[in-house]
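One structure below.
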Amino acid sequence: MNSPCLLPTLLNLHQFVQAIRSQILSLANGPRWVSRSAWMCLDLAIVYVGLWAAAYLFYASAPGAAELATSPTALLITAAFAAALFGTGAYRHEPSQIQLPVLMRMGIAIVGAGLAASAILYLWDPGLLLPRGVVALHVLVVGAGILGSRALVRLAISRATPPPSPPAHVPSPLTLYDLVERPRPAINTNRLRNALTDRTVLVTGAGGAIGSELMQQLAALTPFQLVGVDMSEYNLYRLQHALNDASLSQNVDLRLADVRNTRSMQQLFQTVCPDIVIHTAAYKHVPMMEEQPVEAFQNNTKATMQLLELSEEYQAEQFLFVSTDKAVQPTSVLGATKRLAEWYVRASTSSVEHKIVRFGNVFGSRGSVVPRFERRLAQGRPIPVTHPDMERYFMSAEEACSLIMHTLLLDSHPVYLFRMGEPLRIIDLAQQLALRWYPHRDPQELIEQIGRRPGEKMTESLAMPHETTEATTHPSILGVRGTLPYSRAELDVHIQHLEAHGRRTDISPAHMRRLIIAAPSASLRSAP
């Protein structure tokens with residue numbers, strides 16, 4: 001073919017591709033029910049046509065393929081694939097938001113549907129069972145057609161919708177009180193100042209989001225001595241400058257140390273002899289702890305045990321453990337290690353007054369959802385939201401620390417909760433941020449759904465099913481009562497069991513994760 005004839009052909013082909021692309025975009029951006037219905041029809045067509053194509057390739061005969069495609073077998077196979085795809089949640093996502101985890105689930109469902117359809121046909125009538133070659137070809141064709149169509153549409157949409165350019169101005173930081181209407185909690189600073197005036201207070205995790213705010217609030221109350229411990233040099237450096245800038249560094253002692261290090265903590269207690277220990281140090285990132293369960297156990301559980309035992313040995317007056325709502329019916333390593341620590345603190349029978357405070361996410365803390373979203377928006381990149389229905393309880397660091405300090409004055413309950421109002425949907429938070437950064441854009445264009453990460457729950461609870469909550473003398477603090485399921489001796493056996501497995505070099509993170517999340521009953525049964 002000469003070039004004069006080739007050029008019109010290429011132009012016609014290009015126009016055809018552009019027309020198809022525009023139709024795909026209009027369909028993808030149309031009403032949700034139209035888009036989802038269209039995808040379901042397209043998938044069923046791919047399944048049905050794929051069966052005919054597989055039969056044609058296998059039998060090398062158009063009549064044989066047509067006979068199979070028009071038989072009841074084809075209807076049953078198509079229904080099996082439709083049910084499998086619907087079960088993966090494939091039609092809950094817009095084409096531009098389909099991520100790798102969803103595609104992987106769809107691929108697994110396609111293979112499973114092929115096997116399930118074959119099993120049903122065999123049980124119904126062994127004579128209807130298709131040759132393995134037809135089944136394999138059908139699964140291959142359907143997988144390529146369905147997954148390939150999703151990938152092509154996502155590519156077309158991403159090219160047609162370029163990412164937003166960085167904003168012309170940086171908005172003021174979003175605060176928790178921009179989203180919720182609740183009064184800031186008040187505390188009795190005079191009572192606290194009198195209670196701390198001759199006390200030495202030790203705060204672990206002093207450079208973290210909670211620890212640094214707590215150190216500044218405590219320093220303003222001028223206790224006899226305030227000691228802050230953190231394993232991060234940078235965090236302590238930032239805290240030191242914050243205290244100096246606020247003229248709060250008098251009688252403040254900052255120590256660079258790891259709460260997991262037995263020798264360092266022993267020396268610290270010998271030197272300082274704290275009257276009050278407030279333990280905030282912890283690993284807190286859920287997906288990362290799923291991959292590092294041994295480290296999470298050592299830092300969140302073992303370090304808490306060690307500090308409580310040192311508080312008992314050196315006769316501290318109070319030990320206050322800062323926990324999390326993720327410890328309630330935990331589905332993650334983070335929550336399970338915190339639950340174990342809670343049980344151990346509550347099982348104490350010493351004269352040390354032990355307390356637990358439990359609250360939700362700290363709004364705007366380093367590494368949390370708000371600064372992560374704002375960094376993405378500042379770069380002109382979409383916000384990753386795990387699920388449209390995921391929600392969390394939030395508190396500001398300021399109000400959380402105020403209430404932590406006030407629990408030092410309470411002795412009515414072993415566990416305290418903070419009133420945090422109703423949980424916030426993460427997608428609502430993302431939309432608020434998107435509107436602040438790009439007020440003239442549709443927020444949905446700036447949000448992509450990536451699917452739930454390992455260990456994450458859709459929503460959190462503040463109390464166990466067997467626990468009851470009661471009012472305290474402070475309107476923003478609830479007391480919690482509930483039966484402790486294990487004694488300290490039983491917990492010691494379980495924790496020794498976990499330690500022994502954690503020392504093994506051949507143990508997988510998945511196996512260690514299962515051991516940590518499981519109730520202690522199994523390890524107690526296997527104990528000698």
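By order of appearance in the structure tokens: chains A, B, ..., then residues from 1 within every chain, and ligands from 1 in the order shown.
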
Given only C-alpha atoms, how would the per-residue table for region 399-421 of chain A near region 171-176 of chain A read, listing every residue at most 12 Å away with its closest atom pair and distance in Å to one decimal, sorted by chain and number, as a Markdown table?
```
| residue | atom | partner | partner_atom | distance |
| --- | --- | --- | --- | --- |
| A:Glu399 | CA | A:Leu176 | CA | 10.6 |
| A:Met420 | CA | A:Leu176 | CA | 10.9 |
| A:Gly421 | CA | A:Leu176 | CA | 11.6 |
```

Name the residues of region 358-497 of chain A that fall into alpha helix (DSSP H) according to DSSP on the backbone, using the chain letters and numbers of this document, as JSON, numbers by chain. {"A": [369, 370, 371, 372, 373, 374, 375, 376, 377, 378, 397, 398, 399, 400, 401, 402, 403, 404, 405, 406, 407, 426, 427, 428, 429, 430, 431, 432, 433, 434, 435, 436, 437, 488, 489, 490, 491, 492, 493, 494, 495, 496, 497]}

Can you pull out every residue within 8 Å of Ala400 (chain A), counting only C-alpha atoms, but drop anything in the same chain fewer than 6 positions away, and send it as a compact mmCIF listing (two decimals) with N, CA and C atoms, in the first residue's frame?
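Saved as out23.txt:
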```
# COMPACT_ATOMS: atom_id res chain seq x y z
N ILE A 210 1.80 13.75 71.42
CA ILE A 210 1.19 13.90 72.73
C ILE A 210 2.23 14.31 73.76
N PHE A 359 -8.06 7.18 74.13
CA PHE A 359 -8.73 8.12 73.23
C PHE A 359 -8.35 7.80 71.79
N VAL A 362 -5.03 11.68 67.19
CA VAL A 362 -4.65 13.05 67.51
C VAL A 362 -4.68 13.86 66.22
N PHE A 418 -12.20 9.80 77.01
CA PHE A 418 -12.48 11.22 76.79
C PHE A 418 -13.66 11.35 75.83
```

Would you pick out the contacts of region 223-236 of chain A at 6 Å or less, using only C-alpha atoms, so that residues sharing its chain but fewer than 5 positions from it are not included, and give the list as a short mmCIF file (atom, residue, chain, number, x, y, z; two decimals) with N, CA and C atoms, in the first residue's frame?
```cif
data_model
loop_
_atom_site.label_atom_id
_atom_site.label_comp_id
_atom_site.auth_asym_id
_atom_site.auth_seq_id
_atom_site.Cartn_x
_atom_site.Cartn_y
_atom_site.Cartn_z
N LEU A 196 1.14 18.98 92.01
CA LEU A 196 2.44 18.70 91.40
C LEU A 196 3.58 19.51 91.99
N THR A 197 3.29 20.41 92.90
CA THR A 197 4.29 21.36 93.34
C THR A 197 5.52 20.71 93.96
N ASP A 198 5.36 19.55 94.61
CA ASP A 198 6.50 18.87 95.23
C ASP A 198 6.68 17.47 94.64
N ARG A 199 6.27 17.31 93.39
CA ARG A 199 6.34 16.00 92.76
C ARG A 199 7.33 16.00 91.59
N THR A 200 7.97 14.85 91.38
CA THR A 200 8.81 14.64 90.20
C THR A 200 7.99 13.83 89.19
N VAL A 201 7.82 14.37 88.01
CA VAL A 201 6.99 13.75 86.97
C VAL A 201 7.88 13.26 85.84
N LEU A 202 7.71 12.02 85.45
CA LEU A 202 8.45 11.43 84.33
C LEU A 202 7.48 11.20 83.17
N VAL A 203 7.82 11.70 81.99
CA VAL A 203 7.00 11.52 80.79
C VAL A 203 7.83 10.78 79.76
N THR A 204 7.36 9.62 79.32
CA THR A 204 8.03 8.90 78.24
C THR A 204 7.44 9.33 76.89
N GLY A 205 8.23 9.16 75.82
CA GLY A 205 7.77 9.63 74.52
C GLY A 205 7.60 11.14 74.52
N ALA A 206 8.49 11.83 75.25
CA ALA A 206 8.31 13.26 75.50
C ALA A 206 8.39 14.11 74.24
N GLY A 207 9.00 13.61 73.19
CA GLY A 207 9.11 14.40 71.97
C GLY A 207 8.04 14.13 70.94
N ASN A 251 13.69 23.60 85.72
CA ASN A 251 13.41 22.31 86.37
C ASN A 251 12.93 21.24 85.39
N VAL A 252 13.32 21.37 84.14
CA VAL A 252 13.00 20.36 83.13
C VAL A 252 14.28 19.64 82.74
N ASP A 253 14.23 18.33 82.76
CA ASP A 253 15.38 17.48 82.45
C ASP A 253 15.00 16.58 81.28
N LEU A 254 15.67 16.73 80.14
CA LEU A 254 15.38 15.92 78.95
C LEU A 254 16.44 14.84 78.81
N ARG A 255 16.01 13.60 78.68
CA ARG A 255 16.93 12.46 78.59
C ARG A 255 16.74 11.72 77.27
N LEU A 256 17.85 11.46 76.60
CA LEU A 256 17.83 10.66 75.37
C LEU A 256 18.01 9.20 75.77
N ALA A 257 16.94 8.43 75.68
CA ALA A 257 16.98 7.04 76.13
C ALA A 257 15.84 6.27 75.48
N ASP A 258 16.00 4.95 75.42
CA ASP A 258 15.02 4.05 74.84
C ASP A 258 14.29 3.34 75.97
#
```

By how many Å are CA of Ser476 (chain A) and CA of Asn299 (chain A) apart?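 About the pair CA of Ser476 (chain A) and CA of Asn299 (chain A): they are 29.5 Å apart.
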